[in-house]
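Heads up: the structure comes next, in structure tokens.
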Amino acid sequence: MNEIIRAIEERSSTRGYTPEMLTEEEIKVIENAALASPTAVNRQEWCFSLIGKEIIDELEKTQLALSLKDADEETKKRLESRGMKVLYNAPFMVVISADKNFGWSKVDAGIAVENIALAAQGLGLGSVIIGCIGAIFQSEEKERFEKLLKFPEGYEFAVAIAIGHKATEKAPHEKKPEKIVRLF
Ligand SMILES: Cc1cc2nc3c(=O)[nH]c(=O)nc-3n(C[C@H](O)[C@H](O)[C@H](O)COP(=O)(O)O)c2cc1C
């Protein structure tokens, strides 16, 4: 099978990582995958904040507290099943921010995050796209983290991705063929 098709077919979310950091070479591949992403009108109105353990731990602590505040039983169970971790001990993350005032910037961020996920897959690394930390940017911690992550002026949180060496395995999700509608 073609390598790109295989990466698309075999990628799945990894929710457990070893402490091993990515190499500089691997980080460069991730950076290039991000920057190679297509954007509407080639505006490139995104910014990729690359973070390691120190800031990841800050995000983890803050997000876990927010997730537990007012959590229903289902949320608590999900968190317990994930070892009370929302970022799964990942050693490395990319947080994508995007221009608040550009209508396509969230779509562009989504495309970039999948480019990064496929690059990680190609490197034999695990990844999981992270939306839950969006709650931090709806909370009173918003400004502190926007500063910490060095979001450019006028940019807001779009999506993030955790990357690292897999400590757990998960099969790709089940496909729903009925979601395809052929009209030819
Ligand atoms: C926009 C977006 C946000 C997501 N946010 C989270 C998240 O915060 N935490 C998490 O564990 N998984 C998150 N995921 C991963 C999805 O749960 C996962 O992609 C889905 O269950 C399908 O499984 P697969 O990635 O293994 O195919 C997110 C995925 C997307 C596309």
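We name chains A, B, ... following the order of the structure tokens; residues begin at 1 in each chain, and ligands are numbered from 1 as shown.
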If you count only C-alpha atoms and all ligand atoms, which residues end up within 9 Å of ligand 1, as an mmCIF file with N, CA and C atoms, in the first residue's frame?
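Dumped to selection-v5.cif:
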```cif
data_model
loop_
_atom_site.group_PDB
_atom_site.id
_atom_site.type_symbol
_atom_site.label_atom_id
_atom_site.label_comp_id
_atom_site.auth_asym_id
_atom_site.auth_seq_id
_atom_site.Cartn_x
_atom_site.Cartn_y
_atom_site.Cartn_z
ATOM 1 N N GLU A 10 -3.956 3.803 9.083
ATOM 2 C CA GLU A 10 -3.478 3.196 10.341
ATOM 3 C C GLU A 10 -3.408 4.171 11.511
ATOM 4 N N ARG A 11 -3.516 5.479 11.245
ATOM 5 C CA ARG A 11 -3.470 6.441 12.361
ATOM 6 C C ARG A 11 -4.627 6.203 13.330
ATOM 7 N N SER A 12 -4.345 6.313 14.591
ATOM 8 C CA SER A 12 -5.412 6.304 15.599
ATOM 9 C C SER A 12 -4.918 7.128 16.780
ATOM 10 N N SER A 13 -5.816 7.484 17.663
ATOM 11 C CA SER A 13 -5.433 8.336 18.797
ATOM 12 C C SER A 13 -4.666 7.530 19.842
ATOM 13 N N THR A 14 -3.549 8.089 20.295
ATOM 14 C CA THR A 14 -2.741 7.467 21.351
ATOM 15 C C THR A 14 -3.001 8.204 22.655
ATOM 16 N N ARG A 15 -3.411 7.456 23.687
ATOM 17 C CA ARG A 15 -3.725 8.099 24.977
ATOM 18 C C ARG A 15 -2.834 7.580 26.111
ATOM 19 N N ARG A 82 -9.143 7.061 31.774
ATOM 20 C CA ARG A 82 -7.936 7.616 31.139
ATOM 21 C C ARG A 82 -6.886 7.991 32.184
ATOM 22 N N VAL A 86 -5.584 14.216 31.134
ATOM 23 C CA VAL A 86 -6.226 14.751 29.926
ATOM 24 C C VAL A 86 -5.220 14.905 28.789
ATOM 25 N N LEU A 87 -3.919 14.905 29.148
ATOM 26 C CA LEU A 87 -2.886 15.031 28.103
ATOM 27 C C LEU A 87 -1.972 13.807 28.074
ATOM 28 N N TYR A 88 -2.324 12.804 28.843
ATOM 29 C CA TYR A 88 -1.790 11.440 28.719
ATOM 30 C C TYR A 88 -0.265 11.337 28.841
ATOM 31 N N GLY A 110 -7.581 23.006 11.451
ATOM 32 C CA GLY A 110 -7.972 21.589 11.408
ATOM 33 C C GLY A 110 -7.170 20.819 10.371
ATOM 34 N N VAL A 113 -3.637 20.397 11.744
ATOM 35 C CA VAL A 113 -3.488 19.413 12.825
ATOM 36 C C VAL A 113 -3.484 17.993 12.252
ATOM 37 N N GLU A 114 -4.252 17.768 11.204
ATOM 38 C CA GLU A 114 -4.229 16.425 10.599
ATOM 39 C C GLU A 114 -2.928 16.200 9.826
ATOM 40 N N SER A 127 -0.049 10.045 18.327
ATOM 41 C CA SER A 127 -0.559 11.407 18.524
ATOM 42 C C SER A 127 -2.034 11.344 18.904
ATOM 43 N N VAL A 128 -2.490 12.412 19.515
ATOM 44 C CA VAL A 128 -3.937 12.571 19.720
ATOM 45 C C VAL A 128 -4.255 14.059 19.606
ATOM 46 N N ILE A 129 -5.261 14.334 18.820
ATOM 47 C CA ILE A 129 -5.734 15.721 18.674
ATOM 48 C C ILE A 129 -6.432 16.101 19.977
ATOM 49 N N ILE A 130 -6.169 17.299 20.452
ATOM 50 C CA ILE A 130 -6.698 17.732 21.750
ATOM 51 C C ILE A 130 -7.536 19.005 21.588
ATOM 52 N N GLY A 131 -8.837 18.829 21.844
ATOM 53 C CA GLY A 131 -9.732 19.992 21.821
ATOM 54 C C GLY A 131 -10.097 20.439 23.221
ATOM 55 N N CYS A 132 -10.007 19.505 24.186
ATOM 56 C CA CYS A 132 -10.559 19.782 25.531
ATOM 57 C C CYS A 132 -9.932 21.000 26.197
ATOM 58 N N ILE A 133 -8.656 21.287 25.884
ATOM 59 C CA ILE A 133 -8.026 22.442 26.556
ATOM 60 C C ILE A 133 -8.621 23.770 26.092
ATOM 61 N N GLY A 134 -9.511 23.691 25.105
ATOM 62 C CA GLY A 134 -10.274 24.888 24.704
ATOM 63 C C GLY A 134 -10.976 25.500 25.915
ATOM 64 N N ALA A 158 -7.197 27.368 18.695
ATOM 65 C CA ALA A 158 -7.983 26.635 17.693
ATOM 66 C C ALA A 158 -8.056 25.156 18.060
ATOM 67 N N VAL A 159 -6.926 24.499 18.157
ATOM 68 C CA VAL A 159 -6.882 23.069 18.460
ATOM 69 C C VAL A 159 -5.435 22.726 18.818
ATOM 70 N N ALA A 160 -5.234 21.561 19.404
ATOM 71 C CA ALA A 160 -3.867 21.162 19.774
ATOM 72 C C ALA A 160 -3.664 19.696 19.435
ATOM 73 N N ILE A 161 -2.413 19.257 19.516
ATOM 74 C CA ILE A 161 -2.121 17.840 19.294
ATOM 75 C C ILE A 161 -0.958 17.422 20.187
ATOM 76 N N LYS A 170 -4.073 1.499 20.270
ATOM 77 C CA LYS A 170 -5.527 1.488 20.030
ATOM 78 C C LYS A 170 -5.746 1.282 18.537
ATOM 79 N N ALA A 171 -6.715 0.444 18.210
ATOM 80 C CA ALA A 171 -7.010 0.210 16.793
ATOM 81 C C ALA A 171 -7.672 1.458 16.207
ATOM 82 N N PRO A 172 -7.542 1.672 14.903
ATOM 83 C CA PRO A 172 -8.274 2.791 14.279
ATOM 84 C C PRO A 172 -9.779 2.648 14.534
ATOM 85 N N HIS A 173 -10.473 3.763 14.570
ATOM 86 C CA HIS A 173 -11.916 3.709 14.867
ATOM 87 C C HIS A 173 -12.679 2.968 13.763
ATOM 88 N N GLU A 174 -13.868 2.493 14.153
ATOM 89 C CA GLU A 174 -14.710 1.774 13.197
ATOM 90 C C GLU A 174 -15.269 2.742 12.159
#
```
>> I'd like the contact shell of range 17-21 of chain A - 8 Å cut-off, only C-alpha atoms, skipping same-chain residues fewer than 4 positions apart - returned as a ChimeraX atom specification.
In response: /A:88-92,126,164-168
Selection above as a file: C-alpha atoms, as a PDB file, in the first residue's frame:
```
ATOM      1  CA  TYR A  88      -1.790  11.440  28.719  1.00  0.00           C
ATOM      2  CA  ASN A  89       1.823  12.184  29.830  1.00  0.00           C
ATOM      3  CA  ALA A  90       2.717  13.356  26.335  1.00  0.00           C
ATOM      4  CA  PRO A  91       6.256  14.797  26.227  1.00  0.00           C
ATOM      5  CA  PHE A  92       5.520  17.188  23.346  1.00  0.00           C
ATOM      6  CA  GLY A 126       1.656   8.342  18.381  1.00  0.00           C
ATOM      7  CA  GLY A 164       5.182  11.099  21.534  1.00  0.00           C
ATOM      8  CA  HIS A 165       6.287   7.504  21.712  1.00  0.00           C
ATOM      9  CA  LYS A 166       3.355   5.174  22.287  1.00  0.00           C
ATOM     10  CA  ALA A 167       2.920   3.492  25.645  1.00  0.00           C
ATOM     11  CA  THR A 168      -0.530   2.231  24.663  1.00  0.00           C
TER      12      THR A 168
END
```
> Could you pull out all residues of range 82-178 of chain A with a DSSP call of strand (DSSP E) and give them as a PyMOL selection string?
Replying inline: chain A and resi 92-99+126-130+155-164
Limited to C-alpha atoms, could you put the picked residues into a file as a compact mmCIF listing (two decimals), in the first residue's frame?
```
# COMPACT_ATOMS: atom_id res chain seq x y z
CA PHE A 92 5.52 17.19 23.35
CA MET A 93 2.55 19.14 22.03
CA VAL A 94 1.68 21.60 19.32
CA VAL A 95 -0.96 24.18 20.25
CA ILE A 96 -2.44 25.90 17.22
CA SER A 97 -3.80 29.41 17.49
CA ALA A 98 -5.51 31.21 14.66
CA ASP A 99 -6.69 34.67 13.63
CA GLY A 126 1.66 8.34 18.38
CA SER A 127 -0.56 11.41 18.52
CA VAL A 128 -3.94 12.57 19.72
CA ILE A 129 -5.73 15.72 18.67
CA ILE A 130 -6.70 17.73 21.75
CA TYR A 155 -5.19 35.10 17.61
CA GLU A 156 -7.18 32.59 19.68
CA PHE A 157 -6.92 28.91 20.57
CA ALA A 158 -7.98 26.63 17.69
CA VAL A 159 -6.88 23.07 18.46
CA ALA A 160 -3.87 21.16 19.77
CA ILE A 161 -2.12 17.84 19.29
CA ALA A 162 -0.10 15.72 21.71
CA ILE A 163 2.72 13.65 20.21
CA GLY A 164 5.18 11.10 21.53
```
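As for CA of Ile5 in chain A and CA of Gly124 in chain A, they are spaced 14.6 Å apart.
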> What does the distance between CA of Ala119 in chain A and CA of Lys28 in chain A come to in Å, to one decimal place?
Replying inline: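 One can read the CA of Ala119 in chain A to CA of Lys28 in chain A distance as 10.6 Å.
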Check which residues of range 138-166 of chain A sit at most 8 Å from range 37-59 of chain A using only C-alpha atoms, and return one row each with the closest pair of atoms and their distance in Å to one decimal, ordered by chain and rising number, as JSON lines.
```
{"residue": "A:Leu149", "atom": "CA", "partner": "A:Ser49", "partner_atom": "CA", "distance": 6.0}
{"residue": "A:Lys150", "atom": "CA", "partner": "A:Ser49", "partner_atom": "CA", "distance": 7.2}
{"residue": "A:Phe151", "atom": "CA", "partner": "A:Cys47", "partner_atom": "CA", "distance": 7.1}
{"residue": "A:Pro152", "atom": "CA", "partner": "A:Cys47", "partner_atom": "CA", "distance": 7.5}
{"residue": "A:Tyr155", "atom": "CA", "partner": "A:Trp46", "partner_atom": "CA", "distance": 7.9}
```
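Reported to one decimal place, the separation of CA of Gly122 in chain A from CA of Ile8 in chain A is 9.5 Å.
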>> Let me make sure I understand: among A:Val181, A:Leu148, A:Phe137, A:Ala36, which one has the smallest atom-to-atom distance to Asn115 in chain A if we use only C-alpha atoms?
In response: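 Looking at the shortest contact to Asn115 in chain A, the residue is A:Ala36.
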>> List as a PyMOL selection string the protein and nucleic acid residues near Glu140 in chain A, meaning an atom at most 12 Å away when only C-alpha atoms are counted, but skip any in the same chain fewer than 5 places from it.
In response: chain A and resi 62+66+135+145-146
Can you spit out the residues from that selection as a tab-separated table (two decimals), in the first residue's frame, using C-alpha atoms?
```tsv
chain	number	residue	atom	x	y	z
A	62	THR	CA	-5.40	23.48	34.84
A	66	LEU	CA	-11.68	22.50	34.94
A	135	ALA	CA	-12.02	25.13	28.10
A	145	PHE	CA	-2.10	30.80	28.87
A	146	GLU	CA	-2.35	33.01	25.79
```
> Can you list every residue in chain A that DSSP puts in helix (DSSP H, G or I), as a PyMOL selection string?
Replying inline: chain A and resi 3-10+24-35+40-42+53-68+73-81+105-122+132-138+142-148+177-179
>> Using only C-alpha atoms for the distances, tell me which of A:Lys100, A:Arg144, A:Lys176, A:Lys85 is nearest to Lys61 in chain A.
In response: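 For Lys61 in chain A, the nearest of the given residues is A:Lys85.
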